[in-house]
Structures are given as C-alpha cells and as structure tokens.
Amino acid sequence: MVNRKQFAIFDFDGVIFDSKDIAIRNVELLRRQPEFEHLPSPARIGNFSEIFCGTLRTSLLRFGLTPEESQRFFDSHANLMSEQRELMGLFTGVSEFLRCIPSDSWAIVTSAYEEVVYDILEREGVHTADLIVIGHSIKKSKSAKITDLLFARGIEVSDVLYIGDMQSDVEYCKEIGIDFVGVDYGYHPRHMLNDPNVCAVYSTPADLFATVFKLLNITQVDC
C-alpha cells in the first residue's frame with residue numbers, strides 16, 4: 001500500500017511516450033553494426049526483456065560489450081530516437097492527465113534527451129516552463145539523477161512516487177528507497193516487474209493516472 005505523496009517522477013519512454021515500436025526498430029538498425037550484431041533482437045519477441053535486464057548501465061555487458069561500447073550503443077540509440085521524434089507521440093489521453101498535475105508536483109527522469117522531451121510535451125500542449133526534466137545529457141545513473149533532483153528540491157524520499165516500465169527502474173528505486181509503480185504497456189512485460197518492491201503494475205494510462213491523482217490528492221475538477 002502506497003501512502004499519500006507530494007511529488008511524482010515519471011520515466012518518459014514507455015510510460016507517457018509511445019515509443020516502443022520505433023525504439024525496437026532502432027535497436028535493429030544498430031544491430032547491423034559489427035560491434036552490436038551479437039545483441040539479441042527485441043523485434044523477435046516485441047519487447048526489451050532479453051536485451052535489457054537489471055540496470056541499464058550493466059545490461060549489455062553480459063553480451064561481451066565493454067562499458068565504452070555500451071555507452072556508444074545508448075548514445076547512438078538516443079540520437080536515432082531524437083531524429084525520429086516527429087514519428088511518435090504521447091499515449092492517448094496522457095497530455096490531458098499531465099495538464100492536471102501542478103507543475104511543482106512532478107518531474108521526468110529519463111534516458112531520452114531533455115530537449116526532445118520538452119519539444120514533444122510542448123507539441124502535445126503540456127506546459128513545461130516550470131517542469132524539471134533530467135535526461136541523457138547527464139551522464140549518471142537514474143538513481144543518481146533522482147537523488148540530485150530530490151536534494152535540489154528539498155524533497156524527502158518518502159514523499160516521492162516513481163513511475164516506470166523497466167526492471168532497471170525498479171533496481172534504481174530500490175537503491176534509494178523510493179516507492180515504485182510500474183506499467184506493463186511499455187518496454188518490459190509484466191513478469192519483468194514482478195518484484196516485492198513494486199507497489200502496483202498498471203495496464204493502461206487511465207488506470208495509472210487514477211492512482212497518481214489519488215496519491216497526489218488531485219481531482220479532475222482541478223484541471
């Protein structure tokens with residue numbers, strides 16, 4: 001059971017941004033390069049459960065990549081996603097949900113480039129003037145990014161809810177003791193989020209935001 005929260009941190013891709021299919025296609029493009037050709041194909045099963053397990057910073061090492069090669073893979077993938085941002089959008093209804101959350105009550109911590117996130121949200125009518133986005137340009141783990149954000153805002157860990165879609169998100173939240181809820185419509189299927197530290201898993205954005213609104217004490221009337 002999750003107690004009331006003051007602040008919500010969202011992952012971007014796979015949680016509020018519908019990018020999985022193009023992300024899979026871009027992995028397939030990178031797999032054509034000799035240094036990445038031995039990575040498993042996410043297209044074969046339609047998700048990232050085989051290629052991304054555990055924390056992202058270590059997930060590709062088990063396939064023989066060096067840390068430097070792994071970083072080149074993620075940089076290249078982020079660049080491809082940035083170039084193709086016009087082909088993707090937020091999940092249905094998400095822009096309306098986000099407009100209901102006060103700007104001082106949420107942030108985004110993601111592997112996407114910050115400018116891409118801002119651009120897409122503005123395109124979808126989400127106000128971003130006061131929104132904090134910490135993304136790919138900050139070369140730190142997601143747990144470190146979250147810790148920095150909470151310190152800068154003076155927010156206690158117990159007052160925060162993180163929303164993600166990957167096993168790595170669960171691991172990062174474990175490191176710093178943040179309550180986590182997941183979605184299974186993103187990059188990882190439900191069984192990848194089967195962990196005692198996961199408070200709940202949702203299958204639609206509507207179900208997710210119903211819980212977020214309840215925990216942040218937001219009503220649709222506030223929108």
# chains A, B, ... in the order shown; residues from 1 in each chain; ligands from 1
$ closest_atom_pairs --of "region 154-220 of chain A" --to "region 107-115 of chain A" --cutoff "12 Å" --atoms "only C-alpha atoms" --output "JSON lines"
{"residue": "A:Val160", "atom": "CA", "partner": "A:Ala107", "partner_atom": "CA", "distance": 10.6}
{"residue": "A:Leu161", "atom": "CA", "partner": "A:Ala107", "partner_atom": "CA", "distance": 10.6}
{"residue": "A:Tyr162", "atom": "CA", "partner": "A:Val109", "partner_atom": "CA", "distance": 9.3}
{"residue": "A:Ile163", "atom": "CA", "partner": "A:Ile108", "partner_atom": "CA", "distance": 9.5}
{"residue": "A:Gly164", "atom": "CA", "partner": "A:Thr110", "partner_atom": "CA", "distance": 9.6}
{"residue": "A:Asp165", "atom": "CA", "partner": "A:Thr110", "partner_atom": "CA", "distance": 11.3}
{"residue": "A:Met166", "atom": "CA", "partner": "A:Thr110", "partner_atom": "CA", "distance": 11.6}
{"residue": "A:Ser168", "atom": "CA", "partner": "A:Ser111", "partner_atom": "CA", "distance": 11.5}
{"residue": "A:Asp169", "atom": "CA", "partner": "A:Thr110", "partner_atom": "CA", "distance": 9.9}
{"residue": "A:Tyr172", "atom": "CA", "partner": "A:Val109", "partner_atom": "CA", "distance": 11.5}
{"residue": "A:Cys173", "atom": "CA", "partner": "A:Val109", "partner_atom": "CA", "distance": 11.9}
$ select_by_dssp --residues "region 52-111 of chain A" --states "helix (DSSP H, G or I)" --output "PyMOL selection string"
chain A and resi 56-59+61-63+67-83+85-87+94-98+103-105
$ closest_atom_pairs --of "region 22-124 of chain A" --to "region 193-198 of chain A" --cutoff "12 Å" --atoms "only C-alpha atoms" --output "Markdown table"
| residue | atom | partner | partner_atom | distance |
| --- | --- | --- | --- | --- |
| A:Ser49 | CA | A:Leu193 | CA | 10.4 |
| A:Cys53 | CA | A:Leu193 | CA | 10.8 |
| A:Gly54 | CA | A:Leu193 | CA | 10.8 |
$ write_last_selection --atoms "N, CA and C atoms" --output "PDB file, in the first residue's frame"
ATOM      1  N   SER A  49      12.740  -7.438 -23.079  1.00  0.00           N
ATOM      2  CA  SER A  49      13.013  -8.262 -21.907  1.00  0.00           C
ATOM      3  C   SER A  49      14.324  -9.033 -22.012  1.00  0.00           C
ATOM      4  N   CYS A  53      18.150  -6.248 -19.092  1.00  0.00           N
ATOM      5  CA  CYS A  53      17.823  -6.861 -17.804  1.00  0.00           C
ATOM      6  C   CYS A  53      18.703  -6.220 -16.732  1.00  0.00           C
ATOM      7  N   GLY A  54      18.146  -6.083 -15.526  1.00  0.00           N
ATOM      8  CA  GLY A  54      18.902  -5.430 -14.471  1.00  0.00           C
ATOM      9  C   GLY A  54      19.043  -3.950 -14.758  1.00  0.00           C
TER      10      GLY A  54
END
$ residues_around --residues "region 212-218 of chain A" --least-positions-apart "5" --cutoff "12 Å" --atoms "only C-alpha atoms" --output "NGL selection string"
:A and (1-10 or 97-102 or 104-106 or 159-163 or 179-182 or 200 or 202 or 205-207 or 223)
$ closest_residue --among "A:Ser143, A:Asn26, A:Gln84, A:Asn47" --to "Met192 (chain A)" --atoms "only C-alpha atoms"
A:Asn47
$ closest_residue --among "A:Phe52, A:Leu65, A:Pro189, A:Ser103" --to "Thr128 (chain A)" --atoms "only C-alpha atoms"
A:Ser103
$ select_by_dssp --residues "region 75-157 of chain A" --states "strand (DSSP E or B)" --output "JSON, numbers by chain"
{"A": [89, 90, 106, 107, 108, 109, 132, 133, 134]}
$ residues_around --residues "Ile16 (chain A)" --least-positions-apart "3" --cutoff "6 Å" --atoms "only C-alpha atoms" --output "ChimeraX atom specification"
/A:12,90-91
$ write_last_selection --atoms "C-alpha atoms" --output "mmCIF file, in the first residue's frame"
data_model
loop_
_atom_site.group_PDB
_atom_site.id
_atom_site.type_symbol
_atom_site.label_atom_id
_atom_site.label_comp_id
_atom_site.auth_asym_id
_atom_site.auth_seq_id
_atom_site.Cartn_x
_atom_site.Cartn_y
_atom_site.Cartn_z
ATOM 1 C CA PHE A 12 9.313 9.079 -20.324
ATOM 2 C CA LEU A 90 2.261 10.599 -26.033
ATOM 3 C CA PHE A 91 -0.055 7.725 -25.235
#
$ residues_around --residues "Glu86 (chain A)" --least-positions-apart "3" --cutoff "12 Å" --atoms "only C-alpha atoms" --output "PyMOL selection string"
chain A and resi 17-19+22+80-83+89-90+116-117+119-121+123-124
$ residues_around --residues "Glu35 (chain A)" --least-positions-apart "2" --cutoff "12 Å" --atoms "only C-alpha atoms" --output "PyMOL selection string"
chain A and resi 30-33+37-39+60+63-66+68-70+72-73
$ write_last_selection --atoms "C-alpha atoms" --output "PDB file, in the first residue's frame"
ATOM      1  CA  LEU A  30      22.231  -0.692 -34.582  1.00  0.00           C
ATOM      2  CA  ARG A  31      22.489  -4.488 -34.645  1.00  0.00           C
ATOM      3  CA  ARG A  32      23.663  -4.180 -38.253  1.00  0.00           C
ATOM      4  CA  GLN A  33      26.907  -2.677 -36.969  1.00  0.00           C
ATOM      5  CA  GLU A  37      25.484  -7.569 -34.128  1.00  0.00           C
ATOM      6  CA  HIS A  38      25.593 -10.180 -31.367  1.00  0.00           C
ATOM      7  CA  LEU A  39      22.975  -8.386 -29.238  1.00  0.00           C
ATOM      8  CA  LEU A  60      24.774  -5.020 -22.287  1.00  0.00           C
ATOM      9  CA  PHE A  63      26.806  -9.868 -24.230  1.00  0.00           C
ATOM     10  CA  GLY A  64      30.515  -9.052 -24.297  1.00  0.00           C
ATOM     11  CA  LEU A  65      30.326  -5.301 -24.844  1.00  0.00           C
ATOM     12  CA  THR A  66      32.791  -3.123 -22.997  1.00  0.00           C
ATOM     13  CA  GLU A  68      32.650   2.126 -23.726  1.00  0.00           C
ATOM     14  CA  GLU A  69      30.817   0.132 -26.406  1.00  0.00           C
ATOM     15  CA  SER A  70      27.725   0.030 -24.228  1.00  0.00           C
ATOM     16  CA  ARG A  72      28.185   4.183 -27.670  1.00  0.00           C
ATOM     17  CA  PHE A  73      25.137   1.973 -28.134  1.00  0.00           C
TER      18      PHE A  73
END
$ atom_distance --atom1 "CA of Gln71 (chain A)" --atom2 "CA of Ile138 (chain A)"
12.7 Å
